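Comments concern the structure below.
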Amino acid sequence: MHEAFLFLSLLKEIESSLKSYQPCRVKKIKLLVGVYSGIEMDYLQRVIETLKEGTFLEETEIVTERDPLRVFCPACGKEEICSHSQAKCPLCGSYTVEIRGGLDLILQTLEIEREEEEGNEDRADYR
């Protein structure tokens, strides 16, 4: 159920950040969903399609992509993707790692089109 809360919070943040670009329309949004975020992808998709109706995102393409668990290992000095269920270094097996990705819902890209200048697109990368 937290998927709905997260999406509604995201809606508010996007709406607030667009105030200086008005009038505009949001063409595309790309979300990174961490594999260990606790967010169920199918449910999130249903929530998005339901809750964007009647909002400024109604015609917006919203793309979701899984963000893998990434760890930094001080012993190896490398950041790697973990393909197993434990936060440990896939190279040396150390559990003394810093988690650097795969836990959050991230607004990665927000593509807008300013209505006053047809065809003028702005794109922001939030990662």
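So you can find residues: chains in the structure tokens are A, B, ... in the order shown, residues in each start at 1, and ligands are numbered from 1 in order.
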Original post:
Excluding same-chain residues fewer than 2 positions from segment 24-28 of chain A, what lies within 8 Å of it counting only C-alpha atoms, as a list in words?
Top reply: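 That gives Leu18, Tyr21, Gln22, Lys30, Phe56, Leu57, Glu59, Thr60, Glu61, Ile62, Val63, Thr109, Leu110, Glu111, Ile112, Glu113, Arg114, Glu115 and Glu116 of chain A.
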Original post:
Using the chain letters and numbers from this document, which residues of segment 62-96 of chain A does DSSP assign to strand (DSSP E), as JSON, numbers by chain?
Top reply: {"A": [62, 63, 64, 65, 66, 67, 70, 71, 72, 73, 78, 79, 80, 81]}
Using all heavy atoms, can you write the selected residues to a file as a CSV table (one decimal), in the first residue's frame?
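The new file selection31.csv reads:
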```
chain,number,residue,atom,x,y,z
A,62,ILE,N,5.1,7.1,-18.2
A,62,ILE,CA,5.9,6.9,-17.0
A,62,ILE,C,6.5,5.5,-17.1
A,62,ILE,O,5.9,4.5,-17.2
A,62,ILE,CB,5.0,7.0,-15.7
A,62,ILE,CG1,4.4,8.4,-15.6
A,62,ILE,CG2,5.9,6.7,-14.5
A,62,ILE,CD1,3.5,8.6,-14.5
A,63,VAL,N,7.9,5.5,-17.1
A,63,VAL,CA,8.7,4.3,-17.3
A,63,VAL,C,9.3,3.9,-15.9
A,63,VAL,O,9.9,4.8,-15.3
A,63,VAL,CB,9.8,4.5,-18.3
A,63,VAL,CG1,10.6,3.3,-18.5
A,63,VAL,CG2,9.2,4.9,-19.7
A,64,THR,N,9.2,2.7,-15.6
A,64,THR,CA,9.8,2.2,-14.4
A,64,THR,C,10.9,1.2,-14.7
A,64,THR,O,10.7,0.4,-15.6
A,64,THR,CB,8.8,1.6,-13.4
A,64,THR,OG1,8.1,0.5,-14.0
A,64,THR,CG2,7.8,2.6,-12.9
A,65,GLU,N,12.0,1.3,-14.0
A,65,GLU,CA,13.1,0.4,-14.3
A,65,GLU,C,13.7,-0.1,-12.9
A,65,GLU,O,13.7,0.7,-12.0
A,65,GLU,CB,14.2,1.1,-15.0
A,65,GLU,CG,15.3,0.3,-15.5
A,65,GLU,CD,16.3,1.1,-16.3
A,65,GLU,OE1,15.9,1.6,-17.4
A,65,GLU,OE2,17.5,1.3,-15.8
A,66,ARG,N,14.1,-1.3,-12.8
A,66,ARG,CA,14.7,-1.9,-11.6
A,66,ARG,C,16.1,-1.3,-11.4
A,66,ARG,O,16.8,-1.2,-12.3
A,66,ARG,CB,14.7,-3.4,-11.6
A,66,ARG,CG,13.4,-4.0,-11.1
A,66,ARG,CD,13.2,-3.7,-9.7
A,66,ARG,NE,12.1,-4.5,-9.1
A,66,ARG,CZ,11.6,-4.3,-8.0
A,66,ARG,NH1,12.0,-3.3,-7.2
A,66,ARG,NH2,10.6,-5.0,-7.5
A,67,ASP,N,16.4,-0.9,-10.2
A,67,ASP,CA,17.7,-0.4,-9.8
A,67,ASP,C,18.3,-1.5,-9.0
A,67,ASP,O,17.8,-1.8,-7.9
A,67,ASP,CB,17.6,0.9,-9.0
A,67,ASP,CG,18.9,1.5,-8.7
A,67,ASP,OD1,19.9,1.3,-9.5
A,67,ASP,OD2,19.0,2.3,-7.8
A,70,ARG,N,23.6,-2.2,-5.3
A,70,ARG,CA,25.0,-1.9,-5.6
A,70,ARG,C,25.7,-1.7,-4.3
A,70,ARG,O,25.2,-1.0,-3.4
A,70,ARG,CB,25.1,-0.7,-6.5
A,70,ARG,CG,24.6,-0.9,-7.9
A,70,ARG,CD,24.9,0.3,-8.8
A,70,ARG,NE,24.5,1.6,-8.3
A,70,ARG,CZ,23.3,2.1,-8.1
A,70,ARG,NH1,22.3,1.4,-8.6
A,70,ARG,NH2,23.1,3.3,-7.6
A,71,VAL,N,26.9,-2.2,-4.2
A,71,VAL,CA,27.7,-2.1,-3.0
A,71,VAL,C,29.1,-1.6,-3.3
A,71,VAL,O,29.6,-1.9,-4.4
A,71,VAL,CB,27.8,-3.4,-2.1
A,71,VAL,CG1,26.4,-3.8,-1.6
A,71,VAL,CG2,28.4,-4.5,-2.9
A,72,PHE,N,29.7,-0.8,-2.4
A,72,PHE,CA,31.1,-0.5,-2.5
A,72,PHE,C,31.8,-1.2,-1.4
A,72,PHE,O,31.5,-1.3,-0.3
A,72,PHE,CB,31.3,1.0,-2.2
A,72,PHE,CG,32.7,1.4,-2.2
A,72,PHE,CD1,33.5,1.5,-3.3
A,72,PHE,CD2,33.3,1.7,-0.9
A,72,PHE,CE1,34.8,1.9,-3.2
A,72,PHE,CE2,34.7,2.0,-0.9
A,72,PHE,CZ,35.4,2.1,-2.0
A,73,CYS,N,32.9,-1.9,-1.9
A,73,CYS,CA,33.7,-2.7,-1.0
A,73,CYS,C,35.0,-1.9,-0.7
A,73,CYS,O,35.8,-1.8,-1.6
A,73,CYS,CB,34.0,-4.1,-1.6
A,73,CYS,SG,35.1,-5.1,-0.5
A,78,LYS,N,36.1,-1.2,-5.0
A,78,LYS,CA,35.3,-1.2,-6.2
A,78,LYS,C,33.8,-1.2,-5.8
A,78,LYS,O,33.4,-1.7,-4.8
A,78,LYS,CB,35.6,-2.4,-7.1
A,78,LYS,CG,37.0,-2.4,-7.6
A,78,LYS,CD,37.1,-3.6,-8.6
A,78,LYS,CE,38.6,-3.5,-9.1
A,78,LYS,NZ,38.8,-4.0,-10.3
A,79,GLU,N,33.0,-0.6,-6.7
A,79,GLU,CA,31.6,-0.7,-6.6
A,79,GLU,C,31.1,-1.8,-7.5
A,79,GLU,O,31.4,-1.8,-8.7
A,79,GLU,CB,30.9,0.7,-6.9
A,79,GLU,CG,29.4,0.7,-6.7
A,79,GLU,CD,28.8,2.1,-6.9
A,79,GLU,OE1,29.3,3.0,-6.4
A,79,GLU,OE2,27.8,2.1,-7.7
A,80,GLU,N,30.3,-2.7,-7.0
A,80,GLU,CA,29.8,-3.8,-7.8
A,80,GLU,C,28.3,-4.0,-7.6
A,80,GLU,O,27.7,-3.5,-6.6
A,80,GLU,CB,30.5,-5.1,-7.4
A,80,GLU,CG,32.0,-5.1,-7.8
A,80,GLU,CD,32.3,-5.1,-9.2
A,80,GLU,OE1,31.5,-5.7,-10.0
A,80,GLU,OE2,33.3,-4.6,-9.6
A,81,ILE,N,27.6,-4.6,-8.5
A,81,ILE,CA,26.2,-5.0,-8.4
A,81,ILE,C,26.2,-6.4,-7.8
A,81,ILE,O,26.9,-7.3,-8.1
A,81,ILE,CB,25.6,-5.1,-9.8
A,81,ILE,CG1,25.5,-3.7,-10.4
A,81,ILE,CG2,24.2,-5.7,-9.7
A,81,ILE,CD1,24.9,-3.6,-11.8
```
Subject >> Sel. of helix (DSSP H, G or I) residues, chain A, as a VMD selection string >> reply: chain A and resid 2 to 17 19 to 21 41 to 51
Please produce a file of the residues just selected, as a PDB file, in the first residue's frame, where the atoms kept are C-alpha atoms.
```
ATOM      1  CA  HIS A   2       2.966   2.328   0.432  1.00  0.00           C
ATOM      2  CA  GLU A   3       3.274   2.442  -3.365  1.00  0.00           C
ATOM      3  CA  ALA A   4       0.262   4.776  -3.500  1.00  0.00           C
ATOM      4  CA  PHE A   5       1.709   7.057  -0.817  1.00  0.00           C
ATOM      5  CA  LEU A   6       5.069   7.166  -2.621  1.00  0.00           C
ATOM      6  CA  PHE A   7       3.477   8.002  -5.964  1.00  0.00           C
ATOM      7  CA  LEU A   8       1.284  10.739  -4.466  1.00  0.00           C
ATOM      8  CA  SER A   9       4.353  12.225  -2.753  1.00  0.00           C
ATOM      9  CA  LEU A  10       6.205  12.097  -6.059  1.00  0.00           C
ATOM     10  CA  LEU A  11       3.296  13.879  -7.772  1.00  0.00           C
ATOM     11  CA  LYS A  12       3.534  16.734  -5.264  1.00  0.00           C
ATOM     12  CA  GLU A  13       7.313  17.033  -5.691  1.00  0.00           C
ATOM     13  CA  ILE A  14       7.066  17.104  -9.497  1.00  0.00           C
ATOM     14  CA  GLU A  15       4.258  19.655  -9.426  1.00  0.00           C
ATOM     15  CA  SER A  16       6.277  21.876  -7.103  1.00  0.00           C
ATOM     16  CA  SER A  17       9.451  21.645  -9.187  1.00  0.00           C
ATOM     17  CA  LYS A  19       6.310  25.942 -11.131  1.00  0.00           C
ATOM     18  CA  SER A  20       9.186  27.867 -12.725  1.00  0.00           C
ATOM     19  CA  TYR A  21       8.629  26.148 -16.105  1.00  0.00           C
ATOM     20  CA  MET A  41       6.617  -3.378  -9.486  1.00  0.00           C
ATOM     21  CA  ASP A  42       3.273  -4.705 -10.786  1.00  0.00           C
ATOM     22  CA  TYR A  43       1.372  -2.986  -8.003  1.00  0.00           C
ATOM     23  CA  LEU A  44       3.295   0.250  -8.570  1.00  0.00           C
ATOM     24  CA  GLN A  45       2.331   0.182 -12.262  1.00  0.00           C
ATOM     25  CA  ARG A  46      -1.356  -0.237 -11.375  1.00  0.00           C
ATOM     26  CA  VAL A  47      -1.129   2.575  -8.813  1.00  0.00           C
ATOM     27  CA  ILE A  48       0.528   4.883 -11.360  1.00  0.00           C
ATOM     28  CA  GLU A  49      -2.077   4.225 -14.042  1.00  0.00           C
ATOM     29  CA  THR A  50      -4.947   4.714 -11.589  1.00  0.00           C
ATOM     30  CA  LEU A  51      -3.684   7.776  -9.712  1.00  0.00           C
TER      31      LEU A  51
END
```
**OP:** Would you mind listing what lies within 10 Å of Gly38 of chain A as a PyMOL selection string, with only C-alpha atoms counted and same-chain residues fewer than 4 positions away left out?
**Re:** chain A and resi 2-3+33-34+103-105
Give me a file of those residues, with N, CA and C atoms, as a PDB file, in the first residue's frame.
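Result file follows (again_22.pdb):
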```
ATOM      1  N   HIS A   2       2.123   1.133   0.401  1.00  0.00           N
ATOM      2  CA  HIS A   2       2.966   2.328   0.432  1.00  0.00           C
ATOM      3  C   HIS A   2       3.297   2.829  -0.969  1.00  0.00           C
ATOM      4  N   GLU A   3       3.056   2.003  -1.986  1.00  0.00           N
ATOM      5  CA  GLU A   3       3.274   2.442  -3.365  1.00  0.00           C
ATOM      6  C   GLU A   3       2.410   3.653  -3.698  1.00  0.00           C
ATOM      7  N   VAL A  33      13.447   1.931  -9.492  1.00  0.00           N
ATOM      8  CA  VAL A  33      12.857   1.282  -8.327  1.00  0.00           C
ATOM      9  C   VAL A  33      13.850   0.257  -7.807  1.00  0.00           C
ATOM     10  N   GLY A  34      14.386   0.519  -6.630  1.00  0.00           N
ATOM     11  CA  GLY A  34      15.382  -0.382  -6.051  1.00  0.00           C
ATOM     12  C   GLY A  34      14.828  -1.765  -5.801  1.00  0.00           C
ATOM     13  N   LEU A 103      17.949   0.564  -3.000  1.00  0.00           N
ATOM     14  CA  LEU A 103      17.058   0.642  -1.842  1.00  0.00           C
ATOM     15  C   LEU A 103      15.947   1.665  -1.989  1.00  0.00           C
ATOM     16  N   ASP A 104      16.001   2.501  -3.010  1.00  0.00           N
ATOM     17  CA  ASP A 104      15.130   3.671  -3.088  1.00  0.00           C
ATOM     18  C   ASP A 104      14.247   3.692  -4.331  1.00  0.00           C
ATOM     19  N   LEU A 105      13.302   4.619  -4.302  1.00  0.00           N
ATOM     20  CA  LEU A 105      12.540   5.006  -5.486  1.00  0.00           C
ATOM     21  C   LEU A 105      13.129   6.344  -5.923  1.00  0.00           C
TER      22      LEU A 105
END
```
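Using only C-alpha atoms for every distance, the candidate list A:Leu69, A:Ala75, A:Leu31, A:Ile39 yields A:Ala75 as the residue closest to Cys92 of chain A.
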Original post:
Rounded to one decimal in Å, what is the spacing between atom CA of Leu107 of chain A and atom CA of Gly77 of chain A?
Top reply: 27.9 Å
Original post:
What gap, in Å, lies between atom CA of Ser37 of chain A and atom CA of Arg100 of chain A?
Top reply: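 Separating atom CA of Ser37 of chain A from atom CA of Arg100 of chain A is a distance of 12.6 Å.
Straight-line separation from atom CA of Leu32 of chain A to atom CA of Gly54 of chain A: 23.8 Å.
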